[in-house]
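Peer 1: Quick one, model-v7.cif (mmCIF, C-alpha atoms and all ligand atoms):
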```cif
data_final
loop_
_atom_site.label_atom_id
_atom_site.label_comp_id
_atom_site.auth_asym_id
_atom_site.auth_seq_id
_atom_site.Cartn_x
_atom_site.Cartn_y
_atom_site.Cartn_z
CA MET W 24 18.20 20.15 0.34
CA ARG W 25 14.87 18.36 0.28
CA LYS W 26 12.34 19.70 -2.21
CA PRO W 27 9.01 20.26 -0.44
CA ILE W 28 6.00 18.28 -1.64
CA ILE W 29 2.40 19.31 -1.18
CA ALA W 30 -0.27 16.75 -1.95
CA GLY W 31 -4.04 17.05 -1.96
CA ASN W 32 -5.99 14.10 -0.59
CA TRP W 33 -9.41 14.42 -2.16
CA LYS W 34 -10.71 11.37 -0.28
CA MET W 35 -14.14 10.28 -1.59
CA ASN W 36 -14.96 13.50 -3.39
CA LYS W 37 -15.39 14.71 -6.99
CA THR W 38 -16.88 13.15 -10.07
CA PRO W 39 -14.65 13.09 -13.18
CA ALA W 40 -16.23 16.31 -14.47
CA GLN W 41 -15.73 18.07 -11.13
CA ALA W 42 -12.19 16.73 -10.94
CA ALA W 43 -11.25 18.08 -14.36
CA GLU W 44 -12.75 21.44 -13.46
CA LEU W 45 -10.77 21.67 -10.22
CA VAL W 46 -7.50 20.74 -11.93
CA LYS W 47 -8.05 23.33 -14.67
CA GLU W 48 -8.68 25.95 -12.02
CA LEU W 49 -5.49 24.97 -10.19
CA ILE W 50 -3.10 24.96 -13.14
CA PRO W 51 -2.47 28.71 -13.60
CA GLY W 52 -2.16 29.35 -9.86
CA VAL W 53 0.33 26.60 -9.06
CA LYS W 54 2.49 26.69 -12.18
CA ASP W 55 5.33 28.51 -10.44
CA ALA W 56 5.27 26.37 -7.30
CA LEU W 57 8.62 25.71 -5.67
CA CYS W 58 7.37 22.38 -4.33
CA ASP W 59 6.21 19.20 -6.02
CA VAL W 60 2.43 19.33 -6.47
CA VAL W 61 0.32 16.18 -6.31
CA VAL W 62 -3.40 15.44 -6.24
CA CYS W 63 -4.42 12.05 -4.81
CA VAL W 64 -7.82 11.39 -6.30
CA PRO W 65 -10.41 8.61 -6.44
CA ALA W 66 -9.59 6.00 -9.08
CA THR W 67 -12.70 7.01 -11.01
CA ASP W 68 -11.03 10.40 -11.60
CA PHE W 69 -7.62 9.17 -12.81
CA ALA W 70 -8.36 9.59 -16.52
CA ALA W 71 -10.04 12.98 -16.17
CA VAL W 72 -7.27 14.36 -13.95
CA LYS W 73 -4.51 12.95 -16.13
CA GLU W 74 -6.00 14.61 -19.18
CA ALA W 75 -6.73 17.92 -17.48
CA ALA W 76 -3.26 18.08 -15.91
CA GLN W 77 -1.38 17.31 -19.11
CA GLY W 78 1.58 19.63 -19.63
CA SER W 79 1.24 21.10 -16.12
CA ASN W 80 3.27 20.55 -12.94
CA ILE W 81 0.37 18.73 -11.25
CA HIS W 82 1.15 15.06 -10.61
CA LEU W 83 -1.37 12.27 -10.23
CA GLY W 84 -1.70 10.25 -7.03
CA ALA W 85 -3.97 7.48 -5.75
CA GLN W 86 -5.30 6.90 -2.23
CA ASN W 87 -4.56 3.20 -1.78
CA VAL W 88 -3.04 0.23 -3.59
CA HIS W 89 -3.16 -3.52 -3.13
CA PHE W 90 0.01 -5.56 -2.66
CA ALA W 91 -0.75 -8.39 -5.08
CA GLN W 92 -0.08 -8.05 -8.79
CA SER W 93 -3.47 -9.46 -9.74
CA GLY W 94 -5.98 -11.98 -8.50
CA ALA W 95 -9.15 -12.54 -6.56
CA TYR W 96 -9.28 -9.29 -4.55
CA THR W 97 -12.67 -7.82 -5.32
CA GLY W 98 -12.65 -4.04 -5.28
CA GLU W 99 -8.87 -3.62 -5.12
CA LEU W 100 -6.38 -2.11 -7.56
CA SER W 101 -2.85 -3.36 -8.22
CA PRO W 102 0.28 -1.20 -8.47
CA GLU W 103 0.54 -2.03 -12.14
CA MET W 104 -3.02 -0.87 -12.78
CA LEU W 105 -2.26 2.47 -11.12
CA LYS W 106 0.95 2.86 -13.11
CA ALA W 107 -0.92 2.15 -16.34
CA CYS W 108 -3.29 5.04 -15.54
CA GLY W 109 -0.41 7.48 -15.12
CA VAL W 110 -0.42 7.43 -11.33
CA GLU W 111 2.94 8.40 -9.79
CA TYR W 112 2.20 8.66 -6.05
CA VAL W 113 0.02 6.62 -3.74
CA ILE W 114 -1.14 7.33 -0.20
CA ILE W 115 -0.68 4.23 1.95
CA GLY W 116 -1.88 3.63 5.50
CA HIS W 117 -4.04 6.73 5.85
CA SER W 118 -5.66 6.78 9.29
CA GLU W 119 -9.11 6.52 7.71
CA ARG W 120 -8.07 3.23 6.11
CA ARG W 121 -6.62 2.06 9.42
CA GLN W 122 -9.81 3.07 11.28
CA TYR W 123 -12.52 2.00 8.86
CA PHE W 124 -10.99 -0.62 6.56
CA GLY W 125 -8.90 -2.84 8.79
CA GLU W 126 -5.53 -1.58 7.58
CA THR W 127 -2.71 -2.74 9.85
CA ASP W 128 1.00 -1.96 10.07
CA ARG W 129 1.62 -5.31 8.42
CA THR W 130 -0.64 -4.63 5.40
CA VAL W 131 0.77 -1.13 5.16
CA ASN W 132 4.24 -2.66 4.87
CA LEU W 133 3.08 -5.04 2.13
CA ARG W 134 1.47 -2.19 0.20
CA VAL W 135 4.53 0.05 0.54
CA LYS W 136 6.81 -2.70 -0.75
CA ALA W 137 4.55 -3.55 -3.69
CA ALA W 138 4.16 0.13 -4.62
CA VAL W 139 7.89 0.80 -4.53
CA GLU W 140 8.68 -2.31 -6.54
CA ALA W 141 6.25 -1.14 -9.23
CA GLY W 142 7.89 2.30 -9.36
CA LEU W 143 5.16 4.19 -7.52
CA ILE W 144 6.11 6.69 -4.80
CA PRO W 145 4.30 5.91 -1.54
CA ILE W 146 3.05 8.67 0.71
CA LEU W 147 3.17 6.62 3.89
CA CYS W 148 0.89 7.95 6.64
CA VAL W 149 1.65 7.58 10.32
CA GLY W 150 0.25 9.34 13.37
CA GLU W 151 -1.16 8.98 16.83
CA MET W 152 -4.69 9.21 18.20
CA LYS W 153 -5.65 11.81 20.78
CA GLU W 154 -5.47 9.41 23.76
CA GLU W 155 -2.08 8.14 22.62
CA ARG W 156 -0.69 11.67 22.62
CA GLU W 157 -2.24 12.39 26.00
CA ARG W 158 -0.65 9.29 27.48
CA GLY W 159 2.76 10.17 26.07
CA TYR W 160 2.96 7.38 23.49
CA THR W 161 3.33 9.53 20.39
CA ASP W 162 7.05 9.12 19.80
CA ALA W 163 7.12 5.37 20.35
CA LEU W 164 4.04 4.89 18.22
CA VAL W 165 5.17 6.87 15.18
CA GLU W 166 8.61 5.24 15.33
CA TYR W 167 7.01 1.81 15.41
CA GLN W 168 4.54 2.57 12.60
CA THR W 169 7.31 4.00 10.44
CA LEU W 170 9.87 1.24 10.94
CA ILE W 171 7.38 -1.55 10.36
CA ALA W 172 6.07 0.12 7.22
CA LEU W 173 9.60 0.46 5.82
CA ASN W 174 10.74 -3.04 6.75
CA GLY W 175 12.38 -4.85 3.84
CA LEU W 176 13.05 -1.76 1.71
CA THR W 177 16.52 -0.73 0.59
CA ASP W 178 18.10 2.57 1.62
CA ALA W 179 17.63 3.90 -1.90
CA GLN W 180 13.95 2.98 -1.86
CA ILE W 181 13.41 4.66 1.48
CA GLN W 182 15.04 7.92 0.58
CA ASN W 183 12.76 8.23 -2.44
CA LEU W 184 9.48 7.84 -0.68
CA VAL W 185 7.38 10.36 1.20
CA ILE W 186 6.10 10.07 4.75
CA ALA W 187 3.13 12.03 6.06
CA TYR W 188 2.93 12.59 9.78
CA GLU W 189 -0.78 13.03 10.46
CA PRO W 190 -1.94 13.22 14.07
CA VAL W 191 -5.35 11.52 13.85
CA TRP W 192 -6.92 14.12 16.16
CA ALA W 193 -5.99 16.87 13.70
CA ILE W 194 -7.54 15.29 10.61
CA GLY W 195 -10.69 17.00 9.44
CA THR W 196 -11.23 18.52 12.88
CA GLY W 197 -9.82 21.98 12.45
CA LEU W 198 -7.47 21.16 15.34
CA VAL W 199 -4.02 21.64 13.88
CA ALA W 200 -0.88 20.50 15.66
CA THR W 201 1.22 23.45 16.72
CA ASP W 202 4.17 24.19 14.47
CA GLU W 203 6.47 22.95 17.22
CA GLN W 204 4.52 19.73 17.89
CA ALA W 205 4.51 18.85 14.19
CA ASN W 206 8.19 19.71 13.82
CA GLU W 207 9.16 17.74 16.90
CA THR W 208 7.30 14.56 15.97
CA ILE W 209 8.59 14.68 12.41
CA GLY W 210 12.05 15.02 13.93
CA VAL W 211 11.37 11.85 15.95
CA ILE W 212 10.44 9.97 12.76
CA ARG W 213 13.54 11.22 10.96
CA LYS W 214 15.75 10.24 13.88
CA ALA W 215 14.30 6.72 13.97
CA ILE W 216 15.05 6.35 10.27
CA GLY W 217 18.55 7.67 10.91
CA HIS W 218 19.21 5.10 13.63
CA LYS W 219 18.14 2.23 11.46
CA TYR W 220 19.19 3.32 7.95
CA GLY W 221 21.82 5.98 8.50
CA GLN W 222 21.98 9.74 8.45
CA ALA W 223 22.05 10.14 4.67
CA VAL W 224 18.76 8.29 4.24
CA ALA W 225 17.15 10.22 7.10
CA GLU W 226 18.26 13.55 5.64
CA ALA W 227 16.94 12.68 2.18
CA VAL W 228 13.48 11.37 3.00
CA ARG W 229 10.70 13.93 2.74
CA ILE W 230 8.27 14.08 5.65
CA GLN W 231 5.04 16.02 5.35
CA TYR W 232 2.66 17.25 8.00
CA GLY W 233 -1.06 16.56 7.56
CA GLY W 234 -4.13 17.46 9.58
CA SER W 235 -6.23 20.60 9.06
CA MET W 236 -3.45 22.32 7.13
CA ASN W 237 -4.83 25.35 5.31
CA PRO W 238 -3.88 28.74 3.85
CA GLY W 239 -3.89 30.27 7.33
CA ASN W 240 -1.43 27.91 9.00
CA VAL W 241 0.73 26.67 6.13
CA LYS W 242 3.40 29.38 6.42
CA GLY W 243 4.13 28.65 10.08
CA LEU W 244 4.28 24.91 9.52
CA MET W 245 6.46 25.19 6.43
CA ALA W 246 8.90 27.46 8.26
CA GLN W 247 9.80 24.54 10.54
CA PRO W 248 13.04 22.85 9.54
CA GLU W 249 11.77 19.25 9.69
CA ILE W 250 8.54 19.81 7.76
CA ASP W 251 8.91 19.11 4.05
CA GLY W 252 5.37 19.74 2.88
CA GLY W 253 1.79 18.82 3.56
CA LEU W 254 -0.92 16.30 2.94
CA ILE W 255 -4.05 18.37 2.58
CA GLY W 256 -7.59 17.04 2.89
CA GLY W 257 -10.42 19.56 3.17
CA ALA W 258 -8.40 22.51 1.85
CA SER W 259 -7.46 20.59 -1.30
CA LEU W 260 -11.05 20.50 -2.58
CA LYS W 261 -11.27 24.18 -3.45
CA ALA W 262 -8.89 25.70 -5.99
CA PRO W 263 -8.21 29.00 -4.16
CA ASP W 264 -7.39 27.21 -0.90
CA PHE W 265 -5.17 24.52 -2.38
CA THR W 266 -3.43 27.11 -4.56
CA ALA W 267 -2.70 29.25 -1.50
CA VAL W 268 -1.27 26.26 0.37
CA VAL W 269 0.93 25.21 -2.55
CA MET W 270 2.13 28.80 -3.03
CA TYR W 271 2.85 29.22 0.71
CA HIS W 272 6.10 30.99 -0.06
CA LYS W 273 4.32 33.89 -1.80
P1 LIG B 1 -7.56 17.42 6.54
O1 LIG B 1 -7.16 15.94 6.06
O2 LIG B 1 -6.61 18.36 5.87
O3 LIG B 1 -8.98 17.59 6.05
O4 LIG B 1 -7.45 17.45 8.01
C1 LIG B 1 -5.82 15.56 5.95
C2 LIG B 1 -5.72 14.12 5.54
O5 LIG B 1 -6.59 13.33 5.96
O6 LIG B 1 -4.81 13.73 4.81
#
```
Using the file provided, produce a representation of the structure as structure tokens.

Peer 2:
Amino acid sequence: MRKPIIAGNWKMNKTPAQAAELVKELIPGVKDALCDVVVCVPATDFAAVKEAAQGSNIHLGAQNVHFAQSGAYTGELSPEMLKACGVEYVIIGHSERRQYFGETDRTVNLRVKAAVEAGLIPILCVGEMKEERERGYTDALVEYQTLIALNGLTDAQIQNLVIAYEPVWAIGTGLVATDEQANETIGVIRKAIGHKYGQAVAEAVRIQYGGSMNPGNVKGLMAQPEIDGGLIGGASLKAPDFTAVVMYHK
């Protein structure tokens, strides 16, 4: 059985002092979590979060990674740099990066490959925009995004990574996909992986839902058979909310 994974995506929020405070508040509440617990934080918070989370079950994640090992890429961070800071997970291809920072399926694929090769676990984000869903393109689009992003990886590498299905229209909007919509589209992604890489890989890979997930809707989403966790934006910034999401089984 797949172990659920719930990750906070803090986006561009929290100074190091605020980050340490939030992690310290989270620790007692999430210590008995049945899922893997990750916080994906700004790079300026890596050290503070690493220190505050020491000895706890809270794992450190980043929000992006470059594909080169080093070089003239002003403002970017390499996989090795993240590793050296104690980062274990990295969000790749978040819709905000696709929308605002020119991320493409091709650069997502390069980043995923570089991350995996360095021993980081990608949280690969895919998802459709509102008009794409309305026009009936969702399935084709998420299949395409997923298969391009995974191109060139081995079966073993794929079954170890995490995918986050995030309908763009549900991110930060309060509009959550219905439990059935989220389950169905995640099923489509899993099936596409199964066709290309085989059933065993498809059954092993963990696929999260993301988009306005919160303490009020987490139970319904997590009860769906295809949904293996969540990528949580807004509700990950406050300890009581993120704790309630992580402890959804309580
Ligand atoms: P949200 O963000 O929970 O605030 O909708 C999710 C995400 O962007 O990963």

Peer 1: Within 10 Å of Ile146 of chain W, counting only C-alpha atoms, which residues show up once you throw out same-chain ones fewer than 3 positions away? Write them as a tab-separated table (two decimals) with C-alpha atoms, in the frame of the given file, please.

Peer 2:
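Dumped to around-v4.tsv:
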```tsv
chain	number	residue	atom	x	y	z
W	30	ALA	CA	-0.27	16.75	-1.95
W	63	CYS	CA	-4.42	12.05	-4.81
W	84	GLY	CA	-1.70	10.25	-7.03
W	85	ALA	CA	-3.97	7.48	-5.75
W	86	GLN	CA	-5.30	6.90	-2.23
W	87	ASN	CA	-4.56	3.20	-1.78
W	112	TYR	CA	2.20	8.66	-6.05
W	113	VAL	CA	0.02	6.62	-3.74
W	114	ILE	CA	-1.14	7.33	-0.20
W	115	ILE	CA	-0.68	4.23	1.95
W	116	GLY	CA	-1.88	3.63	5.50
W	117	HIS	CA	-4.04	6.73	5.85
W	135	VAL	CA	4.53	0.05	0.54
W	143	LEU	CA	5.16	4.19	-7.52
W	149	VAL	CA	1.65	7.58	10.32
W	184	LEU	CA	9.48	7.84	-0.68
W	185	VAL	CA	7.38	10.36	1.20
W	186	ILE	CA	6.10	10.07	4.75
W	187	ALA	CA	3.13	12.03	6.06
W	188	TYR	CA	2.93	12.59	9.78
W	229	ARG	CA	10.70	13.93	2.74
W	230	ILE	CA	8.27	14.08	5.65
W	231	GLN	CA	5.04	16.02	5.35
W	254	LEU	CA	-0.92	16.30	2.94
```

Peer 1: Find the residues near segment 263-273 of chain W: any atom within 10 Å, counting only C-alpha atoms, skip ones fewer than 5 places away on the same chain, and give them as JSON, numbers by chain.

Peer 2: {"W": [27, 28, 29, 30, 31, 45, 48, 49, 50, 51, 52, 53, 54, 55, 56, 57, 58, 59, 60, 61, 236, 237, 238, 239, 240, 241, 242, 243, 244, 245, 246, 252, 253, 255, 256, 257, 258]}

Peer 1: Calculate how many Å separate atom CA of Tyr232 of chain W from atom CA of Asn206 of chain W, rounding to one decimal.

Peer 2: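 Here the two named atoms are 8.4 Å from each other.
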
Peer 1: Hey, can you check how far atom CA of Pro102 of chain W sits from atom CA of Thr130 of chain W?

Peer 2: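 Atom-to-atom, atom CA of Pro102 of chain W to atom CA of Thr130 of chain W, that is 14.3 Å.
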
Peer 1: What is the distance, in Å and to one decimal place, between atom CA of Met152 of chain W and atom CA of Pro190 of chain W?

Peer 2: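 Separation of atom CA of Met152 of chain W and atom CA of Pro190 of chain W: 6.4 Å.
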
Peer 1: Pick from W:Gly159, W:Gly210, W:Gly78, W:Gly195: nearest to ligand LIG 1 (chain B), with all atoms listed in the file counted?

Peer 2: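 Of the candidates, the smallest distance to ligand LIG 1 (chain B) is held by W:Gly195.
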